[in-house]
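Peer 1: Below: one structure in structure tokens.
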Amino acid sequence: MIITIDGPAGSGKSTAARKLAARLGIPYLDTGAMYRVVTLAALQDGIDLHDEDALTRTAAKAEFDLDCGPTHVRVRLRGRDVTEEIRSMRVNERTRFIAASPGVRRILVEKQRQLGFRLGSMVTEGRDQGSVAFPDADFKFFVDATPKRRAERRLVELLADGEEVTFEQVLANVDERDRTDSDRDVGPLTVPENAVTIETSNLSIAHVLDRLLAELSKAGVKIPLKGPDRSASQTP
Ligand code: C5P
């Protein structure tokens with residue numbers, strides 16, 4: 001069973017996808033982390049971010065690995081943990097160049113499909129999972145929220161990571177990423193055909209998870225009873 005969750009930056013799709021996967025007891029794939037780690041590799045190598053051949057070679061070398069667990073995604077590049085570094089503003093601001101590269105997208109989409117084939121079941125999230133990587137997915141969701149709400153969420157995460165940023169800077173970055181994600185020629189951010197859209201501006205993560213589970217249940221998917229990950233509805 002392949003479940004895709006697409007949506008713009010800060011829509012809440014990563015947390016929702018992680019919690020859904022944990023609840024269903026299946027793996028979770030954060031494809032944004034793949035684009036981020038290739039960006040970091042290109043920056044470390046001093047590659048011109050407009051050099052299509054060099055970017056494609058960087059993605060093809062695949063010197064990274066992802067450990068997408070139910071409560072975390074750990075990312076390593078050339079043996080070093082770069083989990084926090086790939087979420088920095090420095091990487092945020094440059095990922096759009098990597099995401100617009102047809103060669104990089106071809107390689108990463110192929111890796112995502114191989115993973116899906118090997119694992120059989122997974123929740124995968126990104127921008128093009130339901131439209132390009134897995135157009136025949138069993139279930140497709142599109143998660144959205146207003147730019148202001150998404151920037152607020154990103155700001156909380158960045159401040160928690162010790163970044164010195166203002167709301168205005170984060171909102172500008174969210175707007176810029178929306179524009180470039182939607183306008184690019186390859187794998188643009190779009191609502192996939194047959195996707196169920198969930199507007200999360202006024203929803204808590206627990207409510208988003210409930211909506212996802214309700215849709216799956218309606219379609220006949222058996223939802224396992226709550227396992228060890230109870231964080232969505234934990235009370236202090
Ligand atoms: O989801 P996240 O914000 O971590 O993604 C980082 C960037 O990677 C996005 O801004 C987008 O440009 C790119 N991306 C993409 N296709 C995906 C996942 C992410 O282009 N499937």
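Ordered as shown in the structure tokens, chains take letters A, B, and onward, while each chain numbers its residues from 1 and ligands are numbered from 1 in the order shown.
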Please provide as a list in words all residues within 7 Å of stretch 39-52 of chain A, with the sequence filter that same-chain residues fewer than 4 positions apart are discarded (counting only C-alpha atoms).

Peer 2: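 Contacts, with the query itself left out: Tyr35, Thr56, Thr58, Ile86, Val91, Arg94, Thr95, Phe97, Ile98 and Ser101 of chain A.
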
Peer 1: Throw together the list of residues within 6 Å of ligand 1, counting only C-alpha atoms and all ligand atoms, and drop it here as a PyMOL selection string.

Peer 2: chain A and resi 9+31-33+35-36+95-96+99+126-129+177+181

Peer 1: I'd like to know which of A:Glu215, A:Asp30, A:Asp210, A:Asp138 is closest to A:Leu108, using only C-alpha atoms.

Peer 2: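 Looking only at the distances to A:Leu108, the closest residue turns out to be A:Asp30.
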
Peer 1: From a backbone DSSP assignment, name each residue in stretch 6-218 of chain A labelled helix (DSSP H, G or I), as a VMD selection string.

Peer 2: chain A and resid 13 to 24 31 to 44 52 to 61 85 to 87 89 to 92 95 to 99 102 to 119 129 to 133 147 to 160 167 to 183 205 to 218

Peer 1: A:Pro135, A:Met34, A:Ala54, A:Ile107: which is nearest A:Ile3, counting only C-alpha atoms?

Peer 2: A:Pro135

Peer 1: Nearest residue to A:Leu225 out of A:Lys148, A:Arg23, A:Leu213, A:Arg57, using only C-alpha atoms?

Peer 2: A:Arg23
